[in-house]
Each structure stands twice: as C-alpha cells, then as structure tokens.
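Some notes on the structure that comes next.
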Amino acid sequence: YDIIGVTKPIDGVTEEIKLIFSKEQADYIHTKPIHASQKARFIDTGELLVTIKVIPNYELEMLLLAFGEKVKVIAPDVLVCKMKDRLSRALGNY
C-alpha cells in the first residue's frame, strides 16, 4: 500500500509527494487515481494538484516520466532533483 510497483527501498520511508497535472491531463488523473492515497483538487489554472503518500521508488519515477510535460513534481525536493536529473540526461540523448 505504501509504494507504486514492487521495488521497496530498504531504507525507504513514506513521503508526501506533491504533483501538478496539466489541464489536459487533470480529468483523467482525477477519475483514475495513480495511487490509493491520492488526494486531489483543481486549482485556479484548471490544473490538478495531487498529493500521494508513498515511498519514492524507481516505479514512481518511471510513472511520472511517462506523463512527460503534463506533470510537474513540486515536493519533496529530493524527488524534484531526481526528476530534473533524469530529464536532463534524457535530453542529452537527442
């Protein structure tokens, strides 16, 4: 219940992950949550602010990368940095 996928880091702790989904993606995520702990609310811009409580892991990162430009990780800072690094290295492939 505290992870996405199957990889559970040995020293992992549950964290509050905050995401903002684009207007185009918002309705889909609102009706098809990415995790059972999901809490979501629409913000003034029409985007969807989502909070989930999970242990950050590889599968979470891959899921978020699959949404491409339609999601922004806003917390925790460690995950923000990991996503920036992954996207920067991916861009370097082109």
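Residues in the structure tokens are named by chain (A, B, ... in the order shown) and by number from 1 within that chain; ligands are numbered from 1 in the order shown.
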Contacts of A:Tyr1 at 10 Å (only C-alpha atoms; same-chain gap of 5+ positions) as a ChimeraX atom specification
/A:35-37,53-55
Using only C-alpha atoms, determine which residues lie at most 9 Å from stretch 77-87 of chain A, disregarding the query and same-chain residues fewer than 3 positions distant; provide the list as a PyMOL selection string.
chain A and resi 17+56+61+64-65+72-74+90-92
I'd like to know which of A:Leu19, A:Ile3, A:Ala75, A:Leu60 is closest to A:Ala40, using only C-alpha atoms.
A:Leu19
Could you give me, as a ChimeraX atom specification, each residue of stretch 53-94 of chain A that DSSP assigns to alpha helix (DSSP H) when run on this structure's backbone?
/A:58-66,77-91
A:Phe67 surroundings by only C-alpha atoms, 10 Å radius, close-in-sequence under 6 positions cut, as a VMD selection string:
chain A and resid 21 to 22 25
Exercise: A:Leu63 partners within 10 Å, only C-alpha atoms, chain neighbours under 6 positions left out, as number ranges by chain
A: 4-5, 34
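Relative to atom CA of A:Asp44, atom CA of A:Glu69 is found at 19.2 Å.
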Could you state the separation of atom CA of A:Val71 and atom CA of A:Ile10 in Å, given to one decimal place?
27.4 Å
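Close contacts of A:Val6, defined as residues with an atom at most 10 Å away when counting only C-alpha atoms, with chain neighbours fewer than 3 positions off set aside, comprise A:Ile3, A:Pro9, A:Asn57, A:Tyr58, A:Glu59.
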Go ahead and write the residues just picked, N, CA, C and O atoms, as an mmCIF file, in the first residue's frame.
data_model
loop_
_atom_site.group_PDB
_atom_site.id
_atom_site.type_symbol
_atom_site.label_atom_id
_atom_site.label_comp_id
_atom_site.auth_asym_id
_atom_site.auth_seq_id
_atom_site.Cartn_x
_atom_site.Cartn_y
_atom_site.Cartn_z
ATOM 1 N N ILE A 3 3.737 1.820 -1.673
ATOM 2 C CA ILE A 3 4.598 2.003 -2.838
ATOM 3 C C ILE A 3 3.785 1.894 -4.129
ATOM 4 O O ILE A 3 2.659 1.414 -4.123
ATOM 5 N N PRO A 9 12.537 0.272 -1.446
ATOM 6 C CA PRO A 9 13.879 0.547 -0.937
ATOM 7 C C PRO A 9 14.016 0.119 0.526
ATOM 8 O O PRO A 9 13.093 0.290 1.324
ATOM 9 N N ASN A 57 10.249 5.490 -5.244
ATOM 10 C CA ASN A 57 11.000 4.360 -5.780
ATOM 11 C C ASN A 57 11.114 4.497 -7.293
ATOM 12 O O ASN A 57 10.586 5.435 -7.899
ATOM 13 N N TYR A 58 11.778 3.534 -7.896
ATOM 14 C CA TYR A 58 12.008 3.527 -9.340
ATOM 15 C C TYR A 58 10.699 3.564 -10.121
ATOM 16 O O TYR A 58 10.551 4.340 -11.080
ATOM 17 N N GLU A 59 9.728 2.753 -9.741
ATOM 18 C CA GLU A 59 8.460 2.704 -10.473
ATOM 19 C C GLU A 59 7.709 4.026 -10.419
ATOM 20 O O GLU A 59 7.076 4.417 -11.405
#
Could you give me, as a ChimeraX atom specification, each residue of chain A that DSSP assigns to strand (DSSP E or B) when run on this structure's backbone?
/A:15-21,39-42,48-54,71-75
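Pairwise distance (atom CA of A:Phe42, atom CA of A:Glu16) equals 18.0 Å.
Distance check against A:Lys23 using only C-alpha atoms: of A:Thr7, A:Thr51, A:Gln38, A:Thr45, the minimum falls on A:Thr45.
Candidate residues A:Lys32, A:Val13, A:Ile20, A:Lys70 were compared for distance to A:Leu48, and the nearest is A:Ile20, using only C-alpha atoms.
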